[in-house]
Amino acid sequence: MELSPKTKINELLSGYPFLLEFFLGRSPKFKVLKNPLTRKTVGKLATMTQVASIGELDLDQLLADIARLIVHISAYING
């Protein structure tokens, strides 16, 4: 999967479920992601650009932090 401003949050969470905690820790506005139904419906529509806007986060920093966490966790899991 390519991580870009157009990546949907559902794609990320499907491939990397540990990112749910990452998003919950970034902004109180992401607490709606705790609900699986909301996560599936909103997640299919919301791009990283929209997520950054909603959470009042810098898009480039958000994408960099996500990429770094994916690499870190993947390296840990794969040894």
# chains A, B, ... in the order shown; residues from 1 in each chain; ligands from 1
>>> residues_around(residues="Pro17 (chain A)", least_positions_apart="6", cutoff="12 Å", atoms="only C-alpha atoms", output="number ranges by chain")
A: 9-11, 23, 33-34, 36, 39, 69-70, 73-74
>>> write_last_selection(atoms="N, CA, C and O atoms", output="mmCIF file, in the first residue's frame")
data_model
loop_
_atom_site.group_PDB
_atom_site.id
_atom_site.type_symbol
_atom_site.label_atom_id
_atom_site.label_comp_id
_atom_site.auth_asym_id
_atom_site.auth_seq_id
_atom_site.Cartn_x
_atom_site.Cartn_y
_atom_site.Cartn_z
ATOM 1 N N ILE A 9 -8.350 6.138 5.454
ATOM 2 C CA ILE A 9 -8.031 5.657 6.799
ATOM 3 C C ILE A 9 -8.398 4.182 6.959
ATOM 4 O O ILE A 9 -7.701 3.433 7.645
ATOM 5 N N ASN A 10 -9.453 3.730 6.292
ATOM 6 C CA ASN A 10 -9.846 2.328 6.374
ATOM 7 C C ASN A 10 -8.763 1.410 5.802
ATOM 8 O O ASN A 10 -8.514 0.335 6.343
ATOM 9 N N GLU A 11 -8.121 1.832 4.725
ATOM 10 C CA GLU A 11 -7.018 1.060 4.134
ATOM 11 C C GLU A 11 -5.889 0.899 5.150
ATOM 12 O O GLU A 11 -5.342 -0.195 5.315
ATOM 13 N N PHE A 23 -3.914 6.909 16.096
ATOM 14 C CA PHE A 23 -4.859 7.989 15.799
ATOM 15 C C PHE A 23 -5.575 8.460 17.057
ATOM 16 O O PHE A 23 -5.746 9.668 17.256
ATOM 17 N N LEU A 33 -13.377 6.847 15.993
ATOM 18 C CA LEU A 33 -12.815 5.642 15.389
ATOM 19 C C LEU A 33 -12.898 4.427 16.307
ATOM 20 O O LEU A 33 -12.675 3.301 15.857
ATOM 21 N N LYS A 34 -13.221 4.646 17.572
ATOM 22 C CA LYS A 34 -13.389 3.524 18.496
ATOM 23 C C LYS A 34 -14.580 2.654 18.099
ATOM 24 O O LYS A 34 -14.584 1.457 18.333
ATOM 25 N N PRO A 36 -16.577 0.502 15.733
ATOM 26 C CA PRO A 36 -16.269 -0.248 14.509
ATOM 27 C C PRO A 36 -17.145 0.133 13.312
ATOM 28 O O PRO A 36 -16.656 0.194 12.181
ATOM 29 N N ARG A 39 -15.988 3.497 12.112
ATOM 30 C CA ARG A 39 -14.669 3.309 11.521
ATOM 31 C C ARG A 39 -14.786 2.780 10.093
ATOM 32 O O ARG A 39 -14.086 3.224 9.196
ATOM 33 N N LEU A 69 6.157 4.752 12.126
ATOM 34 C CA LEU A 69 5.583 3.744 13.015
ATOM 35 C C LEU A 69 5.388 2.413 12.290
ATOM 36 O O LEU A 69 5.667 1.351 12.845
ATOM 37 N N ILE A 70 4.946 2.454 11.060
ATOM 38 C CA ILE A 70 4.767 1.228 10.273
ATOM 39 C C ILE A 70 6.103 0.510 10.120
ATOM 40 O O ILE A 70 6.197 -0.706 10.324
ATOM 41 N N ILE A 73 7.194 -0.888 13.715
ATOM 42 C CA ILE A 73 6.408 -2.046 14.163
ATOM 43 C C ILE A 73 6.639 -3.239 13.247
ATOM 44 O O ILE A 73 6.784 -4.372 13.712
ATOM 45 N N SER A 74 6.703 -3.021 11.961
ATOM 46 C CA SER A 74 6.936 -4.111 11.006
ATOM 47 C C SER A 74 8.300 -4.758 11.258
ATOM 48 O O SER A 74 8.427 -5.984 11.202
#
>>> residues_around(residues="Val51 (chain A)", least_positions_apart="4", cutoff="12 Å", atoms="only C-alpha atoms", output="PyMOL selection string")
chain A and resi 4-10+12+23-24+26-27+29-30+32-33+42-47+55-60+62-63
>>> write_last_selection(atoms="N, CA, C and O atoms", output="compact mmCIF listing (two decimals), in the first residue's frame")
# COMPACT_ATOMS: atom_id res chain seq x y z
N SER A 4 -0.15 8.05 1.11
CA SER A 4 -0.19 9.36 0.47
C SER A 4 -1.33 10.18 1.07
O SER A 4 -2.13 9.65 1.84
N PRO A 5 -1.44 11.44 0.69
CA PRO A 5 -2.56 12.25 1.17
C PRO A 5 -3.93 11.67 0.77
O PRO A 5 -4.92 11.93 1.43
N LYS A 6 -3.96 10.85 -0.27
CA LYS A 6 -5.22 10.27 -0.74
C LYS A 6 -5.54 8.91 -0.11
O LYS A 6 -6.62 8.37 -0.34
N THR A 7 -4.62 8.38 0.67
CA THR A 7 -4.85 7.09 1.33
C THR A 7 -6.04 7.21 2.27
O THR A 7 -6.14 8.16 3.04
N LYS A 8 -6.93 6.25 2.20
CA LYS A 8 -8.11 6.24 3.07
C LYS A 8 -7.73 5.62 4.42
O LYS A 8 -6.94 4.69 4.50
N ILE A 9 -8.35 6.14 5.45
CA ILE A 9 -8.03 5.66 6.80
C ILE A 9 -8.40 4.18 6.96
O ILE A 9 -7.70 3.43 7.64
N ASN A 10 -9.45 3.73 6.29
CA ASN A 10 -9.85 2.33 6.37
C ASN A 10 -8.76 1.41 5.80
O ASN A 10 -8.51 0.33 6.34
N LEU A 12 -5.55 1.99 5.80
CA LEU A 12 -4.47 1.95 6.79
C LEU A 12 -4.81 1.04 7.96
O LEU A 12 -4.00 0.21 8.37
N PHE A 23 -3.91 6.91 16.10
CA PHE A 23 -4.86 7.99 15.80
C PHE A 23 -5.58 8.46 17.06
O PHE A 23 -5.75 9.67 17.26
N LEU A 24 -5.98 7.54 17.91
CA LEU A 24 -6.68 7.92 19.14
C LEU A 24 -5.81 8.80 20.02
O LEU A 24 -6.31 9.70 20.70
N ARG A 26 -3.55 10.91 18.91
CA ARG A 26 -3.20 12.15 18.22
C ARG A 26 -4.18 13.28 18.43
O ARG A 26 -3.80 14.44 18.44
N SER A 27 -5.45 12.94 18.53
CA SER A 27 -6.46 14.00 18.67
C SER A 27 -7.73 13.43 19.30
O SER A 27 -8.16 12.34 18.92
N LYS A 29 -10.54 14.26 18.64
CA LYS A 29 -11.54 14.21 17.57
C LYS A 29 -11.59 12.84 16.89
O LYS A 29 -12.56 12.53 16.21
N PHE A 30 -10.56 12.04 17.10
CA PHE A 30 -10.52 10.72 16.48
C PHE A 30 -11.20 9.64 17.33
O PHE A 30 -11.22 8.47 16.95
N VAL A 32 -14.12 8.92 17.56
CA VAL A 32 -15.19 8.27 16.80
C VAL A 32 -14.68 6.98 16.16
O VAL A 32 -15.48 6.09 15.83
N LEU A 33 -13.38 6.85 15.99
CA LEU A 33 -12.82 5.64 15.39
C LEU A 33 -12.90 4.43 16.31
O LEU A 33 -12.68 3.30 15.86
N VAL A 42 -16.92 5.84 7.87
CA VAL A 42 -16.11 7.05 7.72
C VAL A 42 -14.76 6.68 7.10
O VAL A 42 -14.24 7.41 6.26
N GLY A 43 -14.23 5.55 7.51
CA GLY A 43 -12.92 5.12 7.05
C GLY A 43 -12.83 4.90 5.56
O GLY A 43 -11.78 5.04 4.95
N LYS A 44 -13.95 4.54 4.93
CA LYS A 44 -13.95 4.33 3.49
C LYS A 44 -13.93 5.64 2.71
O LYS A 44 -13.60 5.66 1.54
N LEU A 45 -14.29 6.71 3.38
CA LEU A 45 -14.38 8.01 2.72
C LEU A 45 -13.24 8.96 3.08
O LEU A 45 -12.80 9.74 2.24
N ALA A 46 -12.79 8.91 4.30
CA ALA A 46 -11.83 9.90 4.80
C ALA A 46 -10.40 9.61 4.33
O ALA A 46 -9.84 8.56 4.60
N THR A 47 -9.84 10.59 3.64
CA THR A 47 -8.44 10.50 3.20
C THR A 47 -7.53 11.05 4.30
O THR A 47 -7.99 11.70 5.24
N GLY A 55 -8.31 16.51 12.56
CA GLY A 55 -7.52 16.45 13.79
C GLY A 55 -6.66 17.67 14.04
O GLY A 55 -5.94 17.73 15.03
N GLU A 56 -6.73 18.63 13.11
CA GLU A 56 -5.93 19.85 13.20
C GLU A 56 -4.44 19.52 13.31
O GLU A 56 -3.71 20.04 14.15
N LEU A 57 -4.00 18.62 12.41
CA LEU A 57 -2.62 18.15 12.38
C LEU A 57 -1.97 18.54 11.06
O LEU A 57 -2.65 18.69 10.05
N ASP A 58 -0.67 18.66 11.08
CA ASP A 58 0.08 18.92 9.86
C ASP A 58 0.11 17.63 9.04
O ASP A 58 0.55 16.58 9.54
N LEU A 59 -0.35 17.68 7.80
CA LEU A 59 -0.44 16.49 6.95
C LEU A 59 0.91 15.82 6.75
O LEU A 59 1.03 14.60 6.90
N ASP A 60 1.92 16.59 6.39
CA ASP A 60 3.24 16.00 6.14
C ASP A 60 3.80 15.32 7.38
O ASP A 60 4.37 14.23 7.30
N LEU A 62 2.01 14.12 9.89
CA LEU A 62 1.16 12.95 10.15
C LEU A 62 1.61 11.78 9.29
O LEU A 62 1.80 10.66 9.79
N LEU A 63 1.81 12.02 8.00
CA LEU A 63 2.23 10.95 7.09
C LEU A 63 3.62 10.42 7.48
O LEU A 63 3.85 9.20 7.46
>>> select_by_dssp(residues="chain A", states="helix (DSSP H, G or I)", output="VMD selection string")
chain A and resid 9 to 15 19 to 26 28 to 34 36 to 43 48 to 54 59 to 78
